[in-house]
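Just entry36.pdb here, PDB, C-alpha atoms:
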```pdb
ATOM      1  CA  MET R   1       0.000   0.000   0.000  1.00  0.00           C
ATOM      2  CA  ASP R   2       1.323   3.429  -0.943  1.00  0.00           C
ATOM      3  CA  THR R   3       1.652   5.497   2.225  1.00  0.00           C
ATOM      4  CA  ARG R   4       3.574   8.403   0.748  1.00  0.00           C
ATOM      5  CA  GLY R   5       0.563  10.693   0.933  1.00  0.00           C
ATOM      6  CA  THR R   6      -0.010   9.787   4.571  1.00  0.00           C
ATOM      7  CA  ARG R   7       3.624  10.387   5.469  1.00  0.00           C
ATOM      8  CA  GLY R   8       3.559  13.708   3.642  1.00  0.00           C
ATOM      9  CA  GLY R   9       0.473  14.754   5.583  1.00  0.00           C
ATOM     10  CA  ILE R  10       2.162  13.885   8.872  1.00  0.00           C
ATOM     11  CA  ALA R  11       5.273  15.807   7.851  1.00  0.00           C
ATOM     12  CA  TRP R  12       3.437  18.981   6.913  1.00  0.00           C
ATOM     13  CA  ALA R  13       1.228  18.694   9.987  1.00  0.00           C
ATOM     14  CA  GLY R  14       4.346  19.564  11.943  1.00  0.00           C
ATOM     15  CA  PHE R  15       3.973  23.155  10.746  1.00  0.00           C
ATOM     16  CA  ALA R  16       0.447  23.562  12.160  1.00  0.00           C
ATOM     17  CA  PRO R  17       1.587  24.272  15.766  1.00  0.00           C
ATOM     18  CA  VAL R  18       4.042  26.873  14.451  1.00  0.00           C
ATOM     19  CA  ALA R  19       1.307  28.699  12.538  1.00  0.00           C
ATOM     20  CA  LEU R  20      -1.010  28.661  15.563  1.00  0.00           C
ATOM     21  CA  ALA R  21       1.707  29.897  17.916  1.00  0.00           C
ATOM     22  CA  ALA R  22       2.649  32.674  15.492  1.00  0.00           C
ATOM     23  CA  ALA R  23      -0.936  33.933  15.464  1.00  0.00           C
ATOM     24  CA  LEU R  24      -1.162  33.888  19.262  1.00  0.00           C
ATOM     25  CA  LEU R  25       2.222  35.521  19.864  1.00  0.00           C
ATOM     26  CA  ALA R  26       1.644  38.226  17.269  1.00  0.00           C
ATOM     27  CA  GLY R  27      -0.742  39.883  19.699  1.00  0.00           C
ATOM     28  CA  LEU R  28       1.929  39.957  22.395  1.00  0.00           C
ATOM     29  CA  ALA R  29       4.475  41.458  20.041  1.00  0.00           C
ATOM     30  CA  LEU R  30       2.336  44.382  18.890  1.00  0.00           C
ATOM     31  CA  PRO R  31       3.651  47.516  20.624  1.00  0.00           C
ATOM     32  CA  GLY R  32       1.145  49.095  22.958  1.00  0.00           C
ATOM     33  CA  GLU R  33       0.733  52.777  23.743  1.00  0.00           C
ATOM     34  CA  ALA R  34       2.167  52.284  27.236  1.00  0.00           C
ATOM     35  CA  ALA R  35       5.350  50.582  26.031  1.00  0.00           C
ATOM     36  CA  ALA R  36       8.362  52.896  26.089  1.00  0.00           C
ATOM     37  CA  ASP R  37      11.442  52.398  23.979  1.00  0.00           C
ATOM     38  CA  ASP R  38      13.579  51.930  27.097  1.00  0.00           C
ATOM     39  CA  ASP R  39      11.211  49.418  28.675  1.00  0.00           C
ATOM     40  CA  GLU R  40      13.204  46.267  29.517  1.00  0.00           C
ATOM     41  CA  GLY R  41      10.028  44.169  29.641  1.00  0.00           C
ATOM     42  CA  ARG R  42       9.545  44.260  25.875  1.00  0.00           C
ATOM     43  CA  VAL R  43       8.516  41.007  24.153  1.00  0.00           C
ATOM     44  CA  LEU R  44       9.785  40.333  20.634  1.00  0.00           C
ATOM     45  CA  LEU R  45       8.201  37.890  18.203  1.00  0.00           C
ATOM     46  CA  GLY R  46      10.641  35.992  15.991  1.00  0.00           C
ATOM     47  CA  ILE R  47       9.484  34.186  12.846  1.00  0.00           C
ATOM     48  CA  GLU R  48      12.047  32.091  10.986  1.00  0.00           C
ATOM     49  CA  GLY R  49      12.002  30.164   7.735  1.00  0.00           C
ATOM     50  CA  ALA R  50      14.899  27.891   6.835  1.00  0.00           C
ATOM     51  CA  VAL R  51      16.212  24.806   5.092  1.00  0.00           C
ATOM     52  CA  LEU R  52      16.705  21.805   7.396  1.00  0.00           C
ATOM     53  CA  PHE R  53      19.233  19.101   6.567  1.00  0.00           C
ATOM     54  CA  PRO R  54      21.114  16.271   8.312  1.00  0.00           C
ATOM     55  CA  VAL R  55      24.887  16.550   8.584  1.00  0.00           C
ATOM     56  CA  ALA R  56      25.935  13.093   9.846  1.00  0.00           C
ATOM     57  CA  THR R  57      25.357   9.448   8.991  1.00  0.00           C
ATOM     58  CA  PRO R  58      23.120   7.539   8.788  1.00  0.00           C
ATOM     59  CA  TYR R  59      20.541  10.266   8.154  1.00  0.00           C
ATOM     60  CA  VAL R  60      22.648  12.190   5.663  1.00  0.00           C
ATOM     61  CA  ASP R  61      22.522   9.100   3.420  1.00  0.00           C
ATOM     62  CA  ALA R  62      18.764   8.653   3.776  1.00  0.00           C
ATOM     63  CA  LEU R  63      17.198  12.120   3.867  1.00  0.00           C
ATOM     64  CA  TYR R  64      17.179  15.096   1.536  1.00  0.00           C
ATOM     65  CA  PRO R  65      16.996  18.670   2.896  1.00  0.00           C
ATOM     66  CA  GLY R  66      13.529  19.978   3.614  1.00  0.00           C
ATOM     67  CA  PRO R  67      11.730  23.105   4.853  1.00  0.00           C
ATOM     68  CA  THR R  68      11.443  24.195   8.461  1.00  0.00           C
ATOM     69  CA  ALA R  69       9.814  27.129  10.235  1.00  0.00           C
ATOM     70  CA  SER R  70       9.824  28.342  13.810  1.00  0.00           C
ATOM     71  CA  VAL R  71       8.220  30.986  15.965  1.00  0.00           C
ATOM     72  CA  ALA R  72       9.690  32.349  19.191  1.00  0.00           C
ATOM     73  CA  ALA R  73       8.766  34.743  21.973  1.00  0.00           C
ATOM     74  CA  GLN R  74      11.838  36.594  23.227  1.00  0.00           C
ATOM     75  CA  PHE R  75      11.752  38.471  26.532  1.00  0.00           C
ATOM     76  CA  SER R  76      14.196  41.374  26.869  1.00  0.00           C
ATOM     77  CA  VAL R  77      15.494  41.057  30.406  1.00  0.00           C
ATOM     78  CA  THR R  78      18.284  43.396  29.286  1.00  0.00           C
ATOM     79  CA  LYS R  79      19.436  44.734  25.929  1.00  0.00           C
ATOM     80  CA  TYR R  80      21.969  41.925  25.679  1.00  0.00           C
ATOM     81  CA  LEU R  81      20.201  38.909  27.254  1.00  0.00           C
ATOM     82  CA  MET R  82      16.831  37.597  26.087  1.00  0.00           C
ATOM     83  CA  PRO R  83      15.283  34.366  27.425  1.00  0.00           C
ATOM     84  CA  LEU R  84      13.048  32.766  24.816  1.00  0.00           C
ATOM     85  CA  ILE R  85      10.598  30.007  23.998  1.00  0.00           C
ATOM     86  CA  ARG R  86      10.793  28.494  20.497  1.00  0.00           C
ATOM     87  CA  LEU R  87       8.410  26.161  18.651  1.00  0.00           C
ATOM     88  CA  ARG R  88       9.711  24.527  15.467  1.00  0.00           C
ATOM     89  CA  GLY R  89       8.156  22.367  12.766  1.00  0.00           C
ATOM     90  CA  GLY R  90      10.066  20.831   9.890  1.00  0.00           C
ATOM     91  CA  ALA R  91       9.888  18.207   7.157  1.00  0.00           C
ATOM     92  CA  LEU R  92      12.674  15.965   5.876  1.00  0.00           C
ATOM     93  CA  ILE R  93      12.396  14.383   2.432  1.00  0.00           C
ATOM     94  CA  ARG R  94      13.262  10.694   2.233  1.00  0.00           C
ATOM     95  CA  GLN R  95      15.586   9.512  -0.486  1.00  0.00           C
ATOM     96  CA  PRO R  96      14.063   6.959  -2.911  1.00  0.00           C
ATOM     97  CA  GLN R  97      15.937   3.978  -1.486  1.00  0.00           C
ATOM     98  CA  THR R  98      14.720   4.725   2.064  1.00  0.00           C
ATOM     99  CA  THR R  99      11.673   2.780   3.210  1.00  0.00           C
ATOM    100  CA  SER R 100      11.520   3.916   6.823  1.00  0.00           C
ATOM    101  CA  GLY R 101      12.778   6.670   9.053  1.00  0.00           C
ATOM    102  CA  PRO R 102      11.792  10.104  10.280  1.00  0.00           C
ATOM    103  CA  ASP R 103      10.145  12.531   7.908  1.00  0.00           C
ATOM    104  CA  TYR R 104       9.256  15.317  10.335  1.00  0.00           C
ATOM    105  CA  LEU R 105      10.626  17.219  13.316  1.00  0.00           C
ATOM    106  CA  VAL R 106       8.579  19.161  15.862  1.00  0.00           C
ATOM    107  CA  SER R 107      10.371  20.688  18.842  1.00  0.00           C
ATOM    108  CA  LEU R 108       9.611  22.956  21.785  1.00  0.00           C
ATOM    109  CA  MET R 109      12.598  24.576  23.477  1.00  0.00           C
ATOM    110  CA  GLY R 110      13.550  27.175  26.025  1.00  0.00           C
ATOM    111  CA  GLY R 111      16.764  29.109  25.644  1.00  0.00           C
ATOM    112  CA  ILE R 112      18.586  32.399  25.870  1.00  0.00           C
ATOM    113  CA  ARG R 113      19.979  34.828  23.299  1.00  0.00           C
ATOM    114  CA  PHE R 114      23.117  36.887  23.921  1.00  0.00           C
ATOM    115  CA  ARG R 115      23.765  40.089  21.946  1.00  0.00           C
ATOM    116  CA  PRO R 116      27.195  41.636  22.683  1.00  0.00           C
ATOM    117  CA  ARG R 117      26.278  45.004  21.134  1.00  0.00           C
ATOM    118  CA  GLY R 118      23.806  45.574  23.963  1.00  0.00           C
ATOM    119  CA  ILE R 119      26.786  45.770  26.354  1.00  0.00           C
ATOM    120  CA  GLY R 120      28.974  47.980  24.182  1.00  0.00           C
ATOM    121  CA  PHE R 121      26.188  50.366  23.137  1.00  0.00           C
ATOM    122  CA  PRO R 122      23.591  50.402  25.953  1.00  0.00           C
ATOM    123  CA  GLU R 123      22.205  53.735  24.750  1.00  0.00           C
ATOM    124  CA  GLU R 124      20.812  52.129  21.571  1.00  0.00           C
ATOM    125  CA  PRO R 125      17.136  51.130  21.913  1.00  0.00           C
ATOM    126  CA  SER R 126      17.339  48.022  19.688  1.00  0.00           C
ATOM    127  CA  ARG R 127      17.430  44.593  21.314  1.00  0.00           C
ATOM    128  CA  ALA R 128      18.019  42.605  18.132  1.00  0.00           C
ATOM    129  CA  SER R 129      20.483  44.366  15.820  1.00  0.00           C
ATOM    130  CA  CYS R 130      24.021  43.200  15.033  1.00  0.00           C
ATOM    131  CA  ILE R 131      25.534  39.762  15.785  1.00  0.00           C
ATOM    132  CA  TRP R 132      24.032  37.430  18.399  1.00  0.00           C
ATOM    133  CA  GLY R 133      24.395  33.873  19.712  1.00  0.00           C
ATOM    134  CA  GLU R 134      21.758  31.544  21.120  1.00  0.00           C
ATOM    135  CA  VAL R 135      21.547  28.250  23.021  1.00  0.00           C
ATOM    136  CA  ALA R 136      18.393  26.259  23.748  1.00  0.00           C
ATOM    137  CA  ALA R 137      17.213  22.871  25.012  1.00  0.00           C
ATOM    138  CA  GLY R 138      13.916  21.042  25.049  1.00  0.00           C
ATOM    139  CA  ALA R 139      11.970  18.119  23.590  1.00  0.00           C
ATOM    140  CA  ALA R 140      11.529  17.024  19.983  1.00  0.00           C
ATOM    141  CA  ALA R 141       9.176  14.649  18.219  1.00  0.00           C
ATOM    142  CA  TRP R 142      11.548  12.729  15.919  1.00  0.00           C
ATOM    143  CA  ASN R 143      11.138   9.273  14.451  1.00  0.00           C
ATOM    144  CA  ASP R 144       7.709   8.965  16.153  1.00  0.00           C
ATOM    145  CA  ARG R 145       9.273   9.413  19.601  1.00  0.00           C
ATOM    146  CA  ILE R 146       9.775  12.290  22.013  1.00  0.00           C
ATOM    147  CA  ARG R 147      13.495  12.843  22.491  1.00  0.00           C
ATOM    148  CA  PRO R 148      15.674  15.496  24.172  1.00  0.00           C
ATOM    149  CA  THR R 149      17.205  18.074  21.862  1.00  0.00           C
ATOM    150  CA  PHE R 150      19.818  20.802  22.142  1.00  0.00           C
ATOM    151  CA  GLU R 151      20.456  23.682  19.780  1.00  0.00           C
ATOM    152  CA  ALA R 152      23.036  26.411  19.211  1.00  0.00           C
ATOM    153  CA  ALA R 153      22.725  29.262  16.744  1.00  0.00           C
ATOM    154  CA  ILE R 154      24.430  32.368  15.452  1.00  0.00           C
ATOM    155  CA  GLY R 155      22.845  35.174  13.482  1.00  0.00           C
ATOM    156  CA  PHE R 156      22.935  38.823  12.521  1.00  0.00           C
ATOM    157  CA  GLY R 157      20.091  41.337  12.719  1.00  0.00           C
ATOM    158  CA  PHE R 158      19.643  44.260  10.321  1.00  0.00           C
ATOM    159  CA  LEU R 159      17.223  47.082  11.114  1.00  0.00           C
ATOM    160  CA  ALA R 160      14.815  47.347   8.187  1.00  0.00           C
ATOM    161  CA  ASP R 161      12.042  49.880   8.635  1.00  0.00           C
ATOM    162  CA  GLU R 162       9.703  48.498  11.331  1.00  0.00           C
ATOM    163  CA  VAL R 163      11.226  45.004  11.506  1.00  0.00           C
ATOM    164  CA  THR R 164      14.611  43.451  12.197  1.00  0.00           C
ATOM    165  CA  LEU R 165      15.727  40.698   9.845  1.00  0.00           C
ATOM    166  CA  GLY R 166      18.826  38.703   9.144  1.00  0.00           C
ATOM    167  CA  PRO R 167      20.462  35.340   8.381  1.00  0.00           C
ATOM    168  CA  VAL R 168      20.568  32.531  10.943  1.00  0.00           C
ATOM    169  CA  VAL R 169      22.576  29.302  11.107  1.00  0.00           C
ATOM    170  CA  ARG R 170      21.541  26.665  13.655  1.00  0.00           C
ATOM    171  CA  PHE R 171      23.012  23.349  14.755  1.00  0.00           C
ATOM    172  CA  ALA R 172      20.689  20.871  16.485  1.00  0.00           C
ATOM    173  CA  HIS R 173      21.392  17.588  18.249  1.00  0.00           C
ATOM    174  CA  VAL R 174      18.515  15.144  18.834  1.00  0.00           C
ATOM    175  CA  LEU R 175      19.493  12.449  21.338  1.00  0.00           C
ATOM    176  CA  PRO R 176      18.165   8.878  21.656  1.00  0.00           C
ATOM    177  CA  THR R 177      16.782   7.793  25.020  1.00  0.00           C
ATOM    178  CA  GLU R 178      16.888   4.049  24.342  1.00  0.00           C
ATOM    179  CA  ALA R 179      18.354   1.647  21.785  1.00  0.00           C
ATOM    180  CA  SER R 180      15.160   1.481  19.721  1.00  0.00           C
ATOM    181  CA  ASP R 181      15.337   5.236  19.123  1.00  0.00           C
ATOM    182  CA  GLY R 182      18.156   4.767  16.653  1.00  0.00           C
ATOM    183  CA  PRO R 183      21.328   6.881  16.425  1.00  0.00           C
ATOM    184  CA  ASP R 184      21.815  10.509  17.388  1.00  0.00           C
ATOM    185  CA  ALA R 185      20.623  12.990  14.797  1.00  0.00           C
ATOM    186  CA  PHE R 186      22.788  15.988  13.952  1.00  0.00           C
ATOM    187  CA  LEU R 187      20.970  18.663  11.954  1.00  0.00           C
ATOM    188  CA  MET R 188      21.622  22.138  10.570  1.00  0.00           C
ATOM    189  CA  THR R 189      19.329  24.911   9.428  1.00  0.00           C
ATOM    190  CA  ILE R 190      20.170  27.924   7.286  1.00  0.00           C
ATOM    191  CA  GLY R 191      17.477  30.541   7.077  1.00  0.00           C
ATOM    192  CA  LEU R 192      16.116  34.027   7.586  1.00  0.00           C
ATOM    193  CA  GLU R 193      14.634  35.445  10.792  1.00  0.00           C
ATOM    194  CA  VAL R 194      12.184  38.336  11.036  1.00  0.00           C
ATOM    195  CA  LEU R 195      11.765  39.996  14.442  1.00  0.00           C
ATOM    196  CA  LEU R 196       8.748  42.133  15.328  1.00  0.00           C
ATOM    197  CA  ASN R 197       8.421  44.714  18.117  1.00  0.00           C
ATOM    198  CA  ASP R 198      12.113  45.568  18.390  1.00  0.00           C
ATOM    199  CA  ALA R 199      12.582  49.060  19.852  1.00  0.00           C
ATOM    200  CA  ARG R 200      13.570  51.914  17.571  1.00  0.00           C
TER     201      ARG R 200
END
```
Turn the structure described in the file into structure tokens.
Amino acid sequence: MDTRGTRGGIAWAGFAPVALAAALLAGLALPGEAAADDDEGRVLLGIEGAVLFPVATPYVDALYPGPTASVAAQFSVTKYLMPLIRLRGGALIRQPQTTSGPDYLVSLMGGIRFRPRGIGFPEEPSRASCIWGEVAAGAAAWNDRIRPTFEAAIGFGFLADEVTLGPVVRFAHVLPTEASDGPDAFLMTIGLEVLLNDAR
């Protein structure tokens, strides 16, 4: 029986939570009249689209790159440290010779973003411009199982009118919890992030 359509539906269903979370968080990220530019309690909404691909065997020999998207709420504790919550959905395309294996990734993580420019230029209102680094940890649905995952990223934010946007490179590690989970998965994403509600 051909199950390719079913697998494809499961893969793309991974993006549904991201779309829902984006709609809910958009309300939080809209600047209110009472929010001042120097308010450290500002919440930023990050929306990211990227290409997801494996970088280590055996998955690199079984899966083609696929699309991924994420949405994050970032809380500006200071202008250089922002705790965050990120929800990601992604699809991986199986190579023709592959009959089984993961074809989607859904993860929920908590982390923190560090922006050095916020230390060197504290007078600037922006919380997202220039180079930044990020680390996060959480849980991922991978290969039909919930597994721990860790992520590190580096990016650069450019101020563009009312939004901040820039390139992002991420490295993710999805760990097995038992032998039946299969090997560790090492993944990378290369994409573009758009941040809303950054101060100007």
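Shortest separation to Gly49 (chain R) among R:Pro116, R:Gly166, R:Pro148, R:Pro183 occurs at residue R:Gly166, atoms counted being only C-alpha atoms.
With only C-alpha atoms as the atoms that count, the residue of R:Val43, R:Met109, R:Leu196, R:Leu187 with the shortest distance to Val174 (chain R) is R:Leu187.
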If you take every atom of region 151-154 of chain R that the file lists and fit an axis-aligned box around them with 3 Å extra on each side, what centre and edge lengths come out in Å to one decimal, as lines of an AutoDock Vina configuration file?
```
center_x = 22.4
center_y = 28.0
center_z = 17.6
size_x = 10.0
size_y = 14.7
size_z = 10.3
```
Residue contacts of Arg127 (chain R) (8 Å, all atoms listed in the file) excluding same-chain residues fewer than 2 positions away, as number ranges by chain: R: 76, 79-80, 115, 118, 125, 129, 198-199
Residues as selected, C-alpha atoms, written as a PDB file, keeping the file's coordinate frame, can you do that?
```
ATOM      1  CA  SER R  76      14.196  41.374  26.869  1.00  0.00           C
ATOM      2  CA  LYS R  79      19.436  44.734  25.929  1.00  0.00           C
ATOM      3  CA  TYR R  80      21.969  41.925  25.679  1.00  0.00           C
ATOM      4  CA  ARG R 115      23.765  40.089  21.946  1.00  0.00           C
ATOM      5  CA  GLY R 118      23.806  45.574  23.963  1.00  0.00           C
ATOM      6  CA  PRO R 125      17.136  51.130  21.913  1.00  0.00           C
ATOM      7  CA  SER R 129      20.483  44.366  15.820  1.00  0.00           C
ATOM      8  CA  ASP R 198      12.113  45.568  18.390  1.00  0.00           C
ATOM      9  CA  ALA R 199      12.582  49.060  19.852  1.00  0.00           C
TER      10      ALA R 199
END
```
Residue nearest Phe114 (chain R) among R:Thr98, R:Phe75, R:Met188, R:Trp142 (counting only C-alpha atoms): R:Phe75
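What the PyMOL selection byres ((chain R and resi 74) around 9) grabs from this file is Arg42, Val43, Leu44, Leu45, Gly46, Ala72, Ala73, Phe75, Ser76, Met82, Pro83, Leu84, Ile85, Arg86, Ile112 and Arg113 of chain R.
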Translate the PyMOL selection byres ((chain R and resi 131) around 6), as applied to the file shown, into an explicit residue set as JSON, numbers by chain. {"R": [130, 132, 155, 156]}
Could you tell me, as a JSON list (two decimals) with C-alpha atoms, keeping the file's coordinate frame, which residues have any atom at most 7 Å from (8.3, 17.0, 13.2), counting only C-alpha atoms?
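Result went into result24.json, see below:
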```json
[["chain", "number", "residue", "atom", "x", "y", "z"],
["R", 11, "ALA", "CA", 5.27, 15.81, 7.85],
["R", 14, "GLY", "CA", 4.35, 19.56, 11.94],
["R", 89, "GLY", "CA", 8.16, 22.37, 12.77],
["R", 90, "GLY", "CA", 10.07, 20.83, 9.89],
["R", 91, "ALA", "CA", 9.89, 18.21, 7.16],
["R", 104, "TYR", "CA", 9.26, 15.32, 10.34],
["R", 105, "LEU", "CA", 10.63, 17.22, 13.32],
["R", 106, "VAL", "CA", 8.58, 19.16, 15.86],
["R", 141, "ALA", "CA", 9.18, 14.65, 18.22],
["R", 142, "TRP", "CA", 11.55, 12.73, 15.92]]
```
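Residues in contact range of Arg145 (chain R), defined as at most 10 Å between all atoms listed in the file, with sequence neighbours fewer than 3 positions away removed, read Pro102, Ala139, Ala140, Ala141, Trp142, Pro148, Pro176, Thr177, Ser180 and Asp181 of chain R.
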In terms of the shortest atom-to-atom distance over only C-alpha atoms, which of R:Ile119, R:Val135, R:Leu81, R:Ile93 is closest to Leu52 (chain R)? R:Ile93
Name all residues at most 6 Å from Gln95 (chain R) (count all atoms listed in the file; drop same-chain ones fewer than 2 positions away) and give them as a short mmCIF file (atom, residue, chain, number, x, y, z; two decimals) with C-alpha atoms, in the frame of the given file.
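Final output, saved to out.cif:
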```
data_model
loop_
_atom_site.label_atom_id
_atom_site.label_comp_id
_atom_site.auth_asym_id
_atom_site.auth_seq_id
_atom_site.Cartn_x
_atom_site.Cartn_y
_atom_site.Cartn_z
CA ALA R 62 18.76 8.65 3.78
CA LEU R 63 17.20 12.12 3.87
CA GLN R 97 15.94 3.98 -1.49
CA THR R 98 14.72 4.72 2.06
#
```
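CA of Val77 (chain R) is found 23.7 Å from CA of Val169 (chain R).
Of the residues listed (R:Leu108, R:Thr78, R:Phe186, R:Thr164), R:Thr78 shows the shortest atom-to-atom separation from Pro122 (chain R); distances use only C-alpha atoms.
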Would you translate the PyMOL selection byres ((chain R and resi 137) around 6) into the concrete set of residues it matches in this file, as a PyMOL selection string? chain R and resi 109-110+136+138+149-150
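Minimum atom-to-atom distances from R:Gly182, R:Pro96, R:Pro167, R:Gly133 to Ala50 (chain R) were compared using all atoms listed in the file, and the lowest value belongs to R:Pro167.
For the pair CA of Arg200 (chain R) and CA of Gly157 (chain R), the separation is 13.3 Å.
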Please extract region 76-88 of chain R and write it out with N, CA and C atoms, as a short mmCIF file (atom, residue, chain, number, x, y, z; two decimals), in the first residue's frame.
```
data_model
loop_
_atom_site.label_atom_id
_atom_site.label_comp_id
_atom_site.auth_asym_id
_atom_site.auth_seq_id
_atom_site.Cartn_x
_atom_site.Cartn_y
_atom_site.Cartn_z
N SER R 76 12.98 40.57 26.70
CA SER R 76 14.20 41.37 26.87
C SER R 76 14.42 41.70 28.34
N VAL R 77 15.08 40.81 29.02
CA VAL R 77 15.49 41.06 30.41
C VAL R 77 16.45 42.24 30.44
N THR R 78 17.39 42.25 29.50
CA THR R 78 18.28 43.40 29.29
C THR R 78 18.42 43.56 27.78
N LYS R 79 19.23 44.53 27.36
CA LYS R 79 19.44 44.73 25.93
C LYS R 79 20.45 43.75 25.34
N TYR R 80 21.02 42.90 26.19
CA TYR R 80 21.97 41.92 25.68
C TYR R 80 21.62 40.48 26.05
N LEU R 81 20.63 40.26 26.91
CA LEU R 81 20.20 38.91 27.25
C LEU R 81 18.69 38.79 27.08
N MET R 82 18.25 37.79 26.31
CA MET R 82 16.83 37.60 26.09
C MET R 82 16.47 36.12 26.23
N PRO R 83 15.85 35.72 27.35
CA PRO R 83 15.28 34.37 27.43
C PRO R 83 14.20 34.21 26.36
N LEU R 84 14.00 32.98 25.90
CA LEU R 84 13.05 32.77 24.82
C LEU R 84 12.40 31.39 24.90
N ILE R 85 11.28 31.28 24.22
CA ILE R 85 10.60 30.01 24.00
C ILE R 85 10.43 29.86 22.50
N ARG R 86 10.85 28.70 21.95
CA ARG R 86 10.79 28.49 20.50
C ARG R 86 10.05 27.21 20.15
N LEU R 87 9.13 27.31 19.19
CA LEU R 87 8.41 26.16 18.65
C LEU R 87 8.79 25.99 17.19
N ARG R 88 9.25 24.78 16.83
CA ARG R 88 9.71 24.53 15.47
C ARG R 88 8.95 23.36 14.84
#
```
